[in-house]
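Report on one structure; see the data block that follows.
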Protein chains: 2
Amino acid sequence: MDKRTELEQLGEFGLIERLNPKRRIINTSTLFGIGDDCAAMTYGDKVTLVSSDCLVEGIHFDMVYTPLRHLGYKAAVSNFSDIYACNGRPAQLLVTLAVSNRYSVEALEELYEGLNLACEKYGVDLVGGDTSSSNGGMFLSLTAMGECDKDKVVRRNGAKVHDLICVSGDLGAAYAGLLVLQREKAVFMANPASQPDLSDYQYIIERHLKPEARKDIVQWLSDNSILPSAMIDVSDGLASEALHICKQSNVGCELYYDKIPVDYETIRTLEEFNIVADTGALNGGEDYELLFTISQSDYEKVKTNKNISVIGHITDQSQGCNLVTPQNTTIELKAQGFNHYKKQ
Amino acid sequence: MDKRTELEQLGEFGLIERLNPKRRIINTSTLFGIGDDCAAMTYGDKVTLVSSDCLVEGIHFDMVYTPLRHLGYKAAVSNFSDIYACNGRPAQLLVTLAVSNRYSVEALEELYEGLNLACEKYGVDLVGGDTSSSNGGMFLSLTAMGECDKDKVVRRNGAKVHDLICVSGDLGAAYAGLLVLQREKAVFMANPASQPDLSDYQYIIERHLKPEARKDIVQWLSDNSILPSAMIDVSDGLASEALHICKQSNVGCELYYDKIPVDYETIRTLEEFNIVADTGALNGGEDYELLFTISQSDYEKVKTNKNISVIGHITDQSQGCNLVTPQNTTIELKAQGFNHYKKQ
């Protein structure tokens, strides 16, 4: 970042041109993208899925420890994750960006490098959006569009009594990574000459700064002819997402504490912060794993996949939503997910 | 607005529920909306159009003179306008909103009243979005989706030499309305007891605060079998939009100063501010009129519609983009549209 171009030198249209060089279109469903009032897509008899997400500086990310390239990557991936959570395949992305002129063009190009990298990796066309200035911090709003066969769309409301509850990967890692970054920021603020040693936290920091969406799980389920009865991505914590599925499916659930998959690095880090690992896994957000329910008849297939854990089952609504501890005690499941509007 | 509910009492999910009561779905293309990770649409063999717009407090609107109901209405309408500009019909809307907790729930409900009113008027389903908090002002990002027959999509790049350049309605009114509101704000700031008399400016203020999209023009063109060769909505000023069409169509143009439609109230108001009416019409933004080019063979049809003015014609690219004054002087057309990133 040697050269610094001021935003005002380019203006809005100049910025759009600079950030969006001629792009190769990946998807045959993309008719056209940037350069018109709309992007245009066509899906034949497929279902079009669309999802919007926003990331706000100081709320969702902190510029002190969030490289812009990672921010762009994460913003795109978290949006794609929503499309996968409906069992779809993301195909197009719109990016809306508001920034003050304290950002240079080069800084925004870094952001777009991250966005483009995610689009390449997941086979998505960046087809448009809007840019504006902001008096405050950076605001990013993304809309992803995807496709799915009509009879394959999975919603949150299809879980049935006796269905098994599954989750991909491991949980709590992104939250643990965030705790470490926040601690190192505090150290840095007290002593700007300090150099953090983060080598013991590589996995969890990567989970926080550069998460991946579970394209592989959606593909594996399809390859193995498993259609989940309900699915959601874990962006606000396992407890919150399980409650969403139960509420919308009019069912209850039992989750087993000791079945919740947590990586060793996550456990060790949460211990440093005096947080019980399960609490971090239940309530920590931004894991972007998939939580889904399947028929018991699919159990034999699922247990062969090491990236999927069966963590509980669906019960009658009258039984409520519960956690079962290793001591066989039952605790009511509650979402302690982040309340954005809470006065800090 | 007697009751004030704090945002933190509701939290994000509570807010989403409060702002999105069970909605009746209008469009058969809407499969499902709020309540899943995605909204889902299906368009058969139609083209899906999608457009994102953002509105930022202090940049696009000023809370001092922008009622939240109007803000919501305008945000939706400006987004629909982009779909009409591609000759489509808006059908779904996603709303992303970031606000600090200085806004009450009731205030946001007012915003949604405006969004819902626009959706009802234009036959659009509000199907999802995202909400977040903000450390700064309010940030609104909207994504509209619409449909269009494959052979009816109109882009910016189809204008041909000798085509006629048309614009709907009248121009510069929203800009004139903004000037009046800014003046009255300055008066109010100096003397908070002052009561503005805006009765002489009703039309232009409404054009600024509560604009409409030209659904009627798109419908009329279709009813009269006119397919524009290029189209764009006038959101950044006529000059800027005409240059977009010319650049993307690789053509030039001649616009006639005295053909540009400007309302009497706009002319009178711009005179108060010592601005030549044509300058205001050429460079004032947010009119949401449609600028389009048609074949000369459609002239007889178009001249019967009082809401459409023929203001010029397309020339060879080598002749450039020009304005012709009443004195028959030719001036190069330049966009003086607003540069968001300019240091004020």
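Residues are referred to by chain and number: the chain letter is A, B, ... according to the order shown in the structure tokens, the number counts from 1 in that chain, and ligands are numbered separately from 1 in the order shown.
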Using only C-alpha atoms, determine which residues of chain B fall within 6 Å of chain A; present them as a ChimeraX atom specification. /B:7-8,11,37-42,44-45,47-53,82,101,129-130,133,136,339-342
Requested in this report: Among the residues of range 41-280 of chain B, find those DSSP assigns to strand (DSSP E or B) from the backbone and print them as an MDAnalysis selection string.
Outcome: chainID B and resid 41 47:57 61 89:99 125:133 139:148 164:168 230:234 252:256
For range 266-280 of chain A, please output as a ChimeraX atom specification all residues within 6 Å (counting only C-alpha atoms; exclusion window: fewer than 5 positions along the same chain).
/A:172-173,176
Which is closer to Lys3 in chain B than all the others in B:Ser104, B:Ile25, B:Glu17, B:Ile314, using only C-alpha atoms?
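Nearest to Lys3 in chain B: B:Ser104.
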note - CA of Gly237 in chain A and CA of Phe61 in chain A are separated by 17.1 Å
Counting only C-alpha atoms, what is within 7 Å of Ala213 in chain B, bar same-chain residues fewer than 3 positions away, as a PyMOL selection string?
chain B and resi 77-78+80-81+288-289
Exercise. Could you give me the residues within range 134-343 of chain B that DSSP places in helix (DSSP H, G or I), as a PyMOL selection string?
Key: chain B and resi 150-152+173-190+199-209+215-223+238-249+257-259+264-272+277-283+296-302+317-319
Could you dump the residues just selected with C-alpha atoms as a compact mmCIF listing (two decimals), in the first residue's frame?
```
# COMPACT_ATOMS: atom_id res chain seq x y z
CA LYS B 150 -36.33 -12.58 -21.66
CA ASP B 151 -36.78 -10.61 -24.89
CA LYS B 152 -38.06 -7.46 -23.13
CA ALA B 173 -38.09 19.09 -8.80
CA ALA B 174 -36.56 16.83 -6.16
CA TYR B 175 -33.41 18.96 -6.15
CA ALA B 176 -35.43 22.17 -5.79
CA GLY B 177 -37.37 20.58 -2.92
CA LEU B 178 -34.13 19.65 -1.21
CA LEU B 179 -32.83 23.24 -1.49
CA VAL B 180 -35.97 24.55 0.21
CA LEU B 181 -35.74 21.97 3.01
CA GLN B 182 -32.06 22.78 3.58
CA ARG B 183 -32.86 26.50 3.74
CA GLU B 184 -35.67 25.93 6.24
CA LYS B 185 -33.38 23.74 8.34
CA ALA B 186 -30.86 26.59 8.52
CA VAL B 187 -33.64 28.97 9.59
CA PHE B 188 -34.82 26.49 12.20
CA MET B 189 -31.30 25.99 13.54
CA ALA B 190 -30.93 29.76 13.99
CA SER B 199 -47.29 25.85 1.17
CA ASP B 200 -45.72 27.41 -1.94
CA TYR B 201 -43.39 24.43 -2.36
CA GLN B 202 -45.69 21.44 -1.94
CA TYR B 203 -45.00 19.78 -5.28
CA ILE B 204 -41.22 19.98 -5.14
CA ILE B 205 -41.02 18.96 -1.49
CA GLU B 206 -43.18 15.93 -2.20
CA ARG B 207 -40.95 15.11 -5.16
CA HIS B 208 -37.98 15.12 -2.78
CA LEU B 209 -39.50 13.40 0.23
CA LYS B 215 -44.44 2.03 -13.24
CA ASP B 216 -47.06 3.78 -15.40
CA ILE B 217 -44.54 4.61 -18.13
CA VAL B 218 -43.21 1.05 -18.32
CA GLN B 219 -46.81 -0.20 -18.51
CA TRP B 220 -47.72 2.37 -21.20
CA LEU B 221 -44.70 1.50 -23.33
CA SER B 222 -45.65 -2.17 -23.12
CA ASP B 223 -49.33 -1.46 -23.90
CA LEU B 238 -30.13 13.95 -16.52
CA ALA B 239 -26.61 14.82 -17.73
CA SER B 240 -25.00 11.97 -15.81
CA GLU B 241 -27.60 9.44 -17.00
CA ALA B 242 -27.45 10.54 -20.65
CA LEU B 243 -23.67 10.14 -20.53
CA HIS B 244 -24.08 6.63 -19.10
CA ILE B 245 -26.29 5.59 -22.00
CA CYS B 246 -23.95 7.15 -24.59
CA LYS B 247 -20.82 5.64 -23.08
CA GLN B 248 -22.29 2.16 -22.84
CA SER B 249 -23.95 2.32 -26.25
CA TYR B 257 -32.08 22.75 -23.51
CA ASP B 258 -35.54 24.08 -24.20
CA LYS B 259 -37.09 20.62 -24.55
CA TYR B 264 -43.14 25.92 -13.04
CA GLU B 265 -42.71 25.48 -9.27
CA THR B 266 -39.21 24.09 -9.87
CA ILE B 267 -38.26 27.03 -12.13
CA ARG B 268 -39.60 29.60 -9.66
CA THR B 269 -37.79 27.97 -6.73
CA LEU B 270 -34.47 27.55 -8.52
CA GLU B 271 -34.70 31.26 -9.45
CA GLU B 272 -34.97 32.10 -5.73
CA ALA B 277 -33.63 26.00 -14.20
CA ASP B 278 -31.93 23.90 -16.88
CA THR B 279 -28.83 23.51 -14.73
CA GLY B 280 -30.98 22.21 -11.91
CA ALA B 281 -32.79 19.85 -14.26
CA LEU B 282 -29.55 18.61 -15.81
CA ASN B 283 -27.69 18.00 -12.58
CA GLN B 296 -37.87 7.20 -34.77
CA SER B 297 -40.69 4.97 -35.99
CA ASP B 298 -42.21 5.12 -32.50
CA TYR B 299 -42.37 8.92 -32.51
CA GLU B 300 -46.03 9.17 -33.53
CA LYS B 301 -47.03 6.96 -30.61
CA VAL B 302 -44.85 8.69 -28.03
CA GLN B 317 -19.92 8.65 -31.11
CA SER B 318 -17.42 10.90 -32.93
CA GLN B 319 -19.79 13.86 -32.51
```
What's the 8 Å shell around Val161 in chain B, counting only C-alpha atoms, without same-chain residues fewer than 5 positions away, as a PDB file with C-alpha atoms, in the first residue's frame?
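Once everything was written out, this is part01.pdb:
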```
ATOM      1  CA  VAL B 251     -22.818   6.698 -29.331  1.00  0.00           C
ATOM      2  CA  GLY B 252     -23.061  10.468 -28.948  1.00  0.00           C
ATOM      3  CA  HIS B 313     -31.496  12.320 -30.421  1.00  0.00           C
ATOM      4  CA  ILE B 314     -28.598   9.914 -30.594  1.00  0.00           C
ATOM      5  CA  THR B 315     -25.634  10.801 -32.820  1.00  0.00           C
ATOM      6  CA  ASP B 316     -22.454   9.106 -33.902  1.00  0.00           C
TER       7      ASP B 316
END
```
For this session: Would you mind reading off the distance between CA of Thr330 in chain A and CA of Asp236 in chain A, one decimal, in Å?
Result: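 Distance between the two atoms: 22.6 Å.
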CA of Ala118 in chain A to CA of Arg89 in chain A measures 13.8 Å
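If only C-alpha atoms are the atoms counted, then among B:Gly312, B:Pro228, B:Gly72, B:Gly285 the closest residue to Gly158 in chain B is B:Pro228.
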*Extract, using only C-alpha atoms, all DNA, RNA and protein residues at most 9 Å from Ile260 in chain B, discarding same-chain residues fewer than 4 positions from it, and format them as a PyMOL selection string.*
chain B and resi 167+170-171+255-256+278+281-282+309-311
Selected residues written out, N, CA and C atoms, as a compact mmCIF listing (two decimals), in the first residue's frame:
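Output below, filename out.txt:
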```txt
# COMPACT_ATOMS: atom_id res chain seq x y z
N VAL B 167 -37.71 11.47 -22.07
CA VAL B 167 -37.69 11.41 -20.60
C VAL B 167 -39.13 11.56 -20.10
N ASP B 170 -41.17 15.46 -15.22
CA ASP B 170 -40.35 16.67 -15.26
C ASP B 170 -39.16 16.51 -14.33
N LEU B 171 -38.15 17.32 -14.56
CA LEU B 171 -36.86 17.12 -13.88
C LEU B 171 -36.50 18.29 -12.96
N LEU B 255 -28.85 16.95 -26.89
CA LEU B 255 -30.01 17.25 -26.06
C LEU B 255 -30.36 18.71 -26.26
N TYR B 256 -31.67 19.04 -26.32
CA TYR B 256 -32.10 20.42 -26.51
C TYR B 256 -32.54 21.03 -25.20
N ASP B 278 -32.47 25.03 -16.12
CA ASP B 278 -31.93 23.90 -16.88
C ASP B 278 -30.76 23.25 -16.16
N ALA B 281 -32.18 21.03 -13.63
CA ALA B 281 -32.79 19.85 -14.26
C ALA B 281 -31.73 18.90 -14.78
N LEU B 282 -30.62 19.45 -15.26
CA LEU B 282 -29.55 18.61 -15.81
C LEU B 282 -28.77 17.90 -14.72
N SER B 309 -41.50 13.42 -22.78
CA SER B 309 -40.95 14.49 -23.62
C SER B 309 -39.82 13.94 -24.47
N VAL B 310 -39.82 14.29 -25.76
CA VAL B 310 -38.67 13.95 -26.61
C VAL B 310 -37.69 15.11 -26.47
N ILE B 311 -36.49 14.84 -25.96
CA ILE B 311 -35.56 15.94 -25.62
C ILE B 311 -34.28 15.93 -26.45
```
